>>> print(open('protein-v7.cif').read())   # mmCIF, C-alpha atoms and all ligand atoms
data_upload
loop_
_atom_site.label_atom_id
_atom_site.label_comp_id
_atom_site.auth_asym_id
_atom_site.auth_seq_id
_atom_site.Cartn_x
_atom_site.Cartn_y
_atom_site.Cartn_z
CA MET A 118 0.00 0.00 0.00
CA LEU A 119 1.44 3.39 -1.00
CA GLN A 120 2.39 5.57 1.93
CA GLN A 121 -0.07 8.42 2.46
CA VAL A 122 1.13 11.86 1.43
CA GLU A 123 -0.56 14.97 2.78
CA LEU A 124 -2.35 16.25 -0.30
CA TYR A 125 -2.12 20.00 0.10
CA SER A 126 1.54 19.99 1.00
CA ALA A 127 2.15 17.77 -2.07
CA LEU A 128 0.21 20.18 -4.31
CA GLY A 129 2.21 23.09 -2.87
CA LYS A 130 5.50 21.30 -3.43
CA ALA A 131 4.52 20.44 -7.02
CA GLU A 132 3.66 24.07 -7.73
CA GLN A 133 6.80 25.46 -6.10
CA ASN A 134 8.95 23.11 -8.17
CA ASP A 135 7.04 23.82 -11.38
CA LEU A 136 6.27 20.12 -11.75
CA PHE A 137 2.97 20.65 -13.59
CA THR A 138 4.73 22.71 -16.27
CA LYS A 139 7.38 20.02 -16.57
CA LEU A 140 4.66 17.38 -16.90
CA GLY A 141 2.98 19.40 -19.66
CA LYS A 142 6.29 19.64 -21.52
CA ILE A 143 6.73 15.86 -21.43
CA TYR A 144 3.16 15.36 -22.69
CA ALA A 145 3.92 17.80 -25.51
CA ASN A 146 6.38 15.27 -26.98
CA LEU A 147 3.43 13.15 -28.03
CA PRO A 148 1.65 13.95 -31.29
CA GLN A 149 -1.91 15.29 -31.38
CA THR A 150 -4.34 12.45 -32.07
CA SER A 151 -7.95 11.87 -32.95
CA CYS A 152 -10.05 8.69 -32.94
CA THR A 153 -13.62 7.48 -33.25
CA GLY A 154 -14.22 7.93 -29.51
CA CYS A 155 -15.76 4.47 -29.05
CA ALA A 156 -14.48 4.47 -25.41
CA THR A 157 -13.44 0.80 -25.47
CA CYS A 158 -10.18 1.79 -23.82
CA CYS A 159 -11.98 3.81 -21.11
CA ASN A 160 -14.32 0.94 -20.24
CA TRP A 161 -11.39 -1.37 -19.63
CA GLY A 162 -10.68 0.02 -16.21
CA SER A 163 -9.02 3.03 -14.72
CA PRO A 164 -5.68 3.77 -16.40
CA PRO A 165 -2.57 3.90 -14.24
CA ALA A 166 -1.24 7.37 -13.49
CA PHE A 167 1.91 8.58 -11.77
CA PHE A 168 1.42 10.47 -8.51
CA ILE A 169 2.19 13.79 -10.23
CA GLU A 170 -0.52 13.01 -12.79
CA TYR A 171 -2.93 12.23 -9.96
CA LEU A 172 -2.16 15.66 -8.43
CA ASN A 173 -2.70 17.25 -11.83
CA LEU A 174 -6.07 15.51 -12.19
CA TYR A 175 -7.05 16.40 -8.64
CA ARG A 176 -6.25 20.07 -9.26
CA TYR A 177 -8.18 20.06 -12.54
CA VAL A 178 -11.29 18.53 -10.96
CA ARG A 179 -11.09 20.94 -8.02
CA ASP A 180 -10.85 23.97 -10.30
CA ASN A 181 -13.10 22.93 -13.18
CA LEU A 182 -15.41 20.09 -12.27
CA LYS A 183 -16.60 20.84 -8.73
CA GLU A 184 -20.13 19.75 -9.60
CA ASN A 185 -18.82 16.30 -10.66
CA TRP A 186 -16.88 15.75 -7.44
CA PRO A 187 -19.54 13.70 -5.56
CA ASP A 188 -19.96 11.46 -8.60
CA ILE A 189 -16.17 11.05 -9.04
CA LEU A 190 -15.78 10.20 -5.35
CA LYS A 191 -18.58 7.61 -5.50
CA LYS A 192 -17.34 5.97 -8.71
CA SER A 193 -13.73 5.97 -7.50
CA THR A 194 -14.64 4.40 -4.16
CA GLU A 195 -16.61 1.68 -5.92
CA TYR A 196 -13.76 1.15 -8.35
CA PHE A 197 -11.18 0.93 -5.59
CA TYR A 198 -13.06 -1.83 -3.80
CA LEU A 199 -14.61 -3.73 -6.71
CA GLU A 200 -12.20 -3.43 -9.65
CA LEU A 201 -11.28 -7.12 -9.41
CA VAL A 202 -14.75 -8.54 -8.93
CA ASP A 203 -17.24 -6.34 -10.76
CA THR A 204 -17.10 -6.36 -14.57
CA ASN A 205 -19.02 -3.06 -14.72
CA GLN A 206 -16.21 -0.96 -13.26
CA LYS A 207 -14.75 1.61 -15.66
CA CYS A 208 -12.78 4.85 -15.58
CA SER A 209 -14.35 7.33 -13.14
CA PHE A 210 -13.93 10.14 -15.67
CA LEU A 211 -15.96 8.57 -18.44
CA SER A 212 -19.21 10.53 -18.82
CA GLU A 213 -22.62 9.10 -19.69
CA ASP A 214 -22.13 10.05 -23.33
CA ASN A 215 -18.78 8.19 -23.49
CA ARG A 216 -16.64 11.30 -23.31
CA CYS A 217 -13.57 11.94 -21.19
CA SER A 218 -14.40 14.66 -18.66
CA VAL A 219 -10.70 15.33 -17.99
CA TYR A 220 -9.39 15.11 -21.55
CA GLU A 221 -7.06 18.12 -21.12
CA VAL A 222 -5.24 16.45 -18.22
CA ARG A 223 -5.71 12.76 -19.02
CA PRO A 224 -2.72 10.68 -17.96
CA PHE A 225 0.14 9.56 -20.19
CA THR A 226 -1.31 6.03 -20.43
CA CYS A 227 -4.40 7.42 -22.18
CA ARG A 228 -2.42 9.85 -24.35
CA SER A 229 -0.13 7.13 -25.63
CA TYR A 230 -2.76 4.46 -26.29
CA GLY A 231 -2.94 3.72 -30.02
CA LEU A 232 0.50 5.18 -30.77
CA LEU A 233 2.32 1.84 -30.87
CA SER A 234 2.31 -0.57 -33.80
CA LYS A 235 0.43 -3.83 -33.31
CA GLU A 236 3.73 -5.68 -32.95
CA ASP A 237 4.91 -3.39 -30.19
CA PHE A 238 1.60 -3.20 -28.37
CA GLU A 239 1.19 -5.46 -25.41
CA THR A 240 -0.67 -4.94 -22.19
CA GLY A 241 1.82 -7.21 -20.48
CA ASP A 242 1.05 -9.80 -17.86
CA ARG A 243 -1.13 -8.02 -15.32
CA GLY A 244 -0.41 -10.80 -12.86
CA LEU A 245 -4.11 -11.43 -12.38
CA LYS A 246 -3.97 -15.22 -12.70
CA LYS A 247 -1.50 -15.38 -9.83
CA LEU A 248 -3.54 -12.92 -7.80
CA ALA A 249 -6.74 -14.89 -8.44
CA GLN A 250 -5.06 -18.05 -7.18
CA LYS A 251 -3.85 -16.26 -4.06
CA PHE A 252 -7.34 -14.86 -3.35
CA LYS A 253 -8.86 -18.31 -3.76
CA GLU A 254 -6.36 -19.99 -1.47
CA GLU A 255 -6.18 -17.32 1.22
CA TYR A 256 -9.72 -15.90 1.28
CA ASP A 257 -11.84 -18.40 -0.67
CA LEU A 258 -12.60 -15.55 -3.02
CA THR A 259 -13.19 -16.29 -6.72
CA LEU A 260 -12.35 -13.56 -9.20
CA PRO A 261 -14.48 -13.64 -12.39
CA ASP A 262 -12.80 -15.18 -15.44
CA GLU A 263 -13.93 -12.20 -17.55
CA ILE A 264 -11.74 -9.94 -15.43
CA ILE A 265 -8.79 -12.31 -15.08
CA ASN A 266 -8.57 -13.03 -18.81
CA TYR A 267 -9.56 -9.68 -20.33
CA GLU A 268 -6.93 -7.97 -22.45
CA LEU A 269 -7.27 -4.49 -23.83
CA PRO A 270 -7.22 -4.86 -27.63
CA TRP A 271 -4.83 -2.99 -29.87
CA CYS A 272 -6.61 -0.01 -31.43
CA ASP A 273 -6.12 0.90 -35.10
CA LYS A 274 -8.48 3.89 -35.04
CA VAL A 275 -6.07 6.47 -33.69
CA VAL A 276 -4.99 9.05 -36.26
CA SER A 277 -1.77 10.72 -35.27
CA GLY A 278 -0.30 14.00 -36.53
CA GLN A 279 3.00 12.13 -36.79
CA ARG A 280 1.55 9.62 -39.33
CA SER A 281 3.73 6.77 -38.06
CA TYR A 282 3.85 4.66 -34.92
CA ILE A 283 6.05 5.69 -32.04
CA LYS A 284 8.86 3.44 -30.91
CA LYS A 285 8.24 1.54 -27.70
CA SER A 286 11.56 2.78 -26.28
CA THR A 287 10.51 6.41 -26.92
CA LEU A 288 7.28 5.94 -24.97
CA ALA A 289 9.11 4.14 -22.17
CA GLY A 290 11.62 7.01 -22.02
CA LEU A 291 8.87 9.61 -21.73
CA ALA A 292 7.09 7.57 -19.04
CA ALA A 293 10.35 7.33 -17.11
CA GLN A 294 10.72 11.13 -17.32
CA ILE A 295 7.26 11.53 -15.77
CA GLY A 296 8.29 9.09 -13.06
CA THR A 297 11.15 11.37 -12.05
CA LEU A 298 8.57 14.03 -11.16
CA ASP A 299 7.42 11.69 -8.36
CA TYR A 300 10.88 11.70 -6.76
CA PRO A 301 10.15 14.66 -4.45
CA PHE A 302 7.31 12.66 -2.86
CA PHE A 303 8.46 9.03 -2.67
CA PRO A 304 11.72 7.03 -2.48
CA GLN A 305 13.38 6.87 -5.90
CA GLU A 306 13.57 3.08 -5.79
CA LEU A 307 9.81 2.77 -5.34
CA VAL A 308 9.15 5.18 -8.22
CA ASP A 309 11.59 3.36 -10.51
CA GLN A 310 9.76 0.10 -9.82
CA GLU A 311 6.53 1.85 -10.90
CA GLY A 312 5.22 1.77 -7.33
CA THR A 313 3.63 5.19 -7.79
CA LEU A 314 1.96 4.27 -11.09
CA LEU A 315 -1.54 3.44 -9.93
CA PRO A 316 -5.13 3.89 -11.09
CA TYR A 317 -6.56 7.29 -10.14
CA PRO A 318 -9.12 5.75 -7.70
CA VAL A 319 -6.30 4.05 -5.79
CA HIS A 320 -4.46 7.37 -5.43
CA LEU A 321 -7.69 9.11 -4.48
CA MET A 322 -8.67 6.57 -1.83
CA ASN A 323 -5.18 6.90 -0.43
CA THR A 324 -6.00 10.56 0.12
CA VAL A 325 -9.58 10.18 1.23
CA LEU A 326 -9.75 7.02 3.37
CA GLY A 327 -7.61 5.88 6.28
CA THR A 328 -5.43 2.77 6.16
CA GLY A 329 -7.87 0.69 8.24
CA THR A 330 -10.78 1.40 5.91
CA ARG A 331 -8.75 0.60 2.81
CA ALA A 332 -7.54 -2.62 4.41
CA ARG A 333 -11.13 -3.89 4.48
CA LYS A 334 -11.09 -4.29 0.70
CA ILE A 335 -11.17 -8.10 0.84
CA LYS A 336 -14.27 -8.06 3.08
CA VAL A 337 -16.06 -5.71 0.68
CA MET A 338 -15.08 -7.85 -2.32
CA LYS A 339 -16.20 -11.02 -0.58
CA GLN A 340 -19.55 -9.57 0.39
CA PHE A 341 -20.10 -8.50 -3.21
CA VAL A 342 -19.01 -11.83 -4.73
CA ASP A 343 -20.87 -14.03 -2.25
CA GLY A 344 -24.22 -12.28 -2.26
CA GLY A 345 -24.03 -9.30 -4.62
CA SER A 346 -24.34 -7.04 -1.58
CA LYS A 347 -22.81 -3.57 -1.39
CA GLU A 348 -23.75 -2.96 2.24
CA LEU A 349 -20.20 -2.59 3.54
CA LEU A 350 -19.15 -0.73 0.42
CA ASN A 351 -21.98 1.80 0.76
CA GLY A 352 -20.71 2.73 4.21
CA PHE A 353 -17.27 3.48 2.75
CA VAL A 354 -18.80 5.38 -0.16
CA GLU A 355 -20.61 7.55 2.40
CA LYS A 356 -17.39 8.05 4.33
CA ALA A 357 -15.48 9.01 1.19
CA SER A 358 -18.29 11.33 0.08
CA SER A 359 -17.73 13.56 3.08
CA TYR A 360 -14.27 14.51 1.77
CA ARG A 361 -14.12 18.13 0.64
CA PHE A 362 -11.49 19.95 -1.40
S1 LIG B 401 -8.40 5.15 -28.69
FE1 LIG B 401 -9.40 3.50 -29.83
S2 LIG B 401 -10.48 2.29 -28.27
FE2 LIG B 401 -9.96 4.29 -27.35
S3 LIG B 401 -11.77 5.62 -27.71
FE3 LIG B 401 -10.36 5.95 -29.42
S4 LIG B 401 -11.05 4.52 -31.01
FE4 LIG B 401 -11.95 3.81 -29.09
S1 LIG B 402 -9.03 9.51 -18.24
FE1 LIG B 402 -10.33 9.94 -19.98
S2 LIG B 402 -9.28 9.04 -21.75
FE2 LIG B 402 -8.40 8.13 -19.91
S3 LIG B 402 -9.59 6.25 -19.57
FE3 LIG B 402 -10.55 7.87 -18.37
S4 LIG B 402 -12.18 8.68 -19.68
FE4 LIG B 402 -10.75 7.52 -20.98
#
>>> encode(input="protein-v7.cif", output="structure tokens")
Amino acid sequence: MLQQVELYSALGKAEQNDLFTKLGKIYANLPQTSCTGCATCCNWGSPPAFFIEYLNLYRYVRDNLKENWPDILKKSTEYFYLELVDTNQKCSFLSEDNRCSVYEVRPFTCRSYGLLSKEDFETGDRGLKKLAQKFKEEYDLTLPDEIINYELPWCDKVVSGQRSYIKKSTLAGLAAQIGTLDYPFFPQELVDQEGTLLPYPVHLMNTVLGTGTRARKIKVMKQFVDGGSKELLNGFVEKASSYRF
């Protein structure tokens, strides 16, 4: 579990060190793109974001989407607890009409999707088969096959201003540059092992809920899997909903 960082001091530190400008400059290395907007990639789950990207998203929502905050908190809490057991979980920023409500500040993972050739594209082993086995053995909890086996497909609908695919090593280099912006907040070793690259709801719950509440994830998952009940979860959603900017 990522160590909790006091949010407002982190935002202050990021601003003082001009980290959001630096982040924008790294993003600017990617070409402008357009696509059909089918939202397949946004329904897959919540994309991983570095801590600095989480701060950037947090700031954007605070300053531009205040009215969406209760909805984002609710969806993110549900996502945090149920991502591995509920096939309906999707990115908290996807609107009803399949649009990205934070497009301007979407994380690098979203910006770079569709920029690799089919040969280079791979989602990698998400380690879910191993995790599913562990959950079964330790908690008698069965993760749905649909979640364990799902792989985000390669997308050929992205039109890039660059007109050719980007090299995998170039994308990895840019991602590593973003990672360095997390150094002021976490040990370098953890950042380099991608320990700060987490879905937005995980970062947000780290801010909003205490360690004890987050540690009850297995209980919430089990209650949902065994009887479809969200009773425990609803209590945590209520708790998270009281968080104000
Ligand atoms: S990048 Fe591809 S999958 Fe994602 S919304 Fe665009 S067309 Fe759909
Ligand atoms: S942040 Fe936006 S682009 Fe990225 S997955 Fe969510 S809705 Fe889609």
>>> residues_near_ligand(input="protein-v7.cif", ligand="ligand LIG 402 (chain B)", cutoff="8 Å", atoms="all atoms listed in the file", output="count of residues only")
26
>>> residues_around(input="protein-v7.cif", residues="region 337-345 of chain A", least_positions_apart="6", cutoff="7 Å", atoms="all atoms listed in the file", output="list in words")
Tyr198, Leu199, Val202 and Leu258 of chain A
>>> residues_near_ligand(input="protein-v7.cif", ligand="ligand LIG 401 (chain B)", cutoff="8 Å", atoms="all atoms listed in the file", output="PyMOL selection string")
chain A and resi 151-159+227+230-231+270-275
>>> residues_around(input="protein-v7.cif", residues="Ala357 (chain A)", least_positions_apart="3", cutoff="7 Å", atoms="all atoms listed in the file", output="PyMOL selection string")
chain A and resi 190+325-326+353-354+360
>>> residues_near_point(input="protein-v7.cif", point="(-0.9, -2.5, -8.8)", cutoff="10 Å", atoms="all atoms listed in the file", output="PyMOL selection string")
chain A and resi 118+165+243-244+311-316+319
>>> residues_around(input="protein-v7.cif", residues="Gln206 (chain A)", least_positions_apart="3", cutoff="7 Å", atoms="all atoms listed in the file", output="count of residues only")
4
>>> closest_residue(input="protein-v7.cif", among="A:Pro187, A:Pro261, A:Asp237, A:Lys356", to="Gly327 (chain A)", atoms="all atoms listed in the file")
A:Lys356
>>> residues_around(input="protein-v7.cif", residues="region 295-302 of chain A", least_positions_apart="2", cutoff="12 Å", atoms="all atoms listed in the file", output="ChimeraX atom specification")
/A:119-124,126-144,146,166-173,224-226,288-293,304-315
>>> closest_residue(input="protein-v7.cif", among="A:Asn266, A:Ser193, A:Asn205, A:Ser286", to="Lys247 (chain A)", atoms="all atoms listed in the file")
A:Asn266
>>> atom_distance(input="protein-v7.cif", atom1="CA of Glu239 (chain A)", atom2="CA of Thr204 (chain A)")
21.3 Å
>>> atom_distance(input="protein-v7.cif", atom1="CA of Ile264 (chain A)", atom2="CA of Asp242 (chain A)")
13.0 Å
>>> closest_residue(input="protein-v7.cif", among="A:Arg176, A:Phe197, A:Asn181, A:Lys235", to="Arg333 (chain A)", atoms="all atoms listed in the file")
A:Phe197
>>> closest_residue(input="protein-v7.cif", among="A:Ser234, A:Gln149, A:Thr194, A:Ser358", to="Ile283 (chain A)", atoms="only C-alpha atoms")
A:Ser234
>>> atom_distance(input="protein-v7.cif", atom1="CA of Lys253 (chain A)", atom2="CA of Ala332 (chain A)")
17.7 Å
>>> closest_residue(input="protein-v7.cif", among="A:Leu232, A:Met322, A:Leu245, A:Leu260", to="Ser277 (chain A)", atoms="all atoms listed in the file")
A:Leu232
>>> axis_aligned_box(input="protein-v7.cif", around="region 205-210 of chain A", padding_each_side="5 Å", output="AutoDock Vina command-line options")
--center_x -15.9 --center_y 3.5 --center_z -14.4 --size_x 16.2 --size_y 23.2 --size_z 12.5
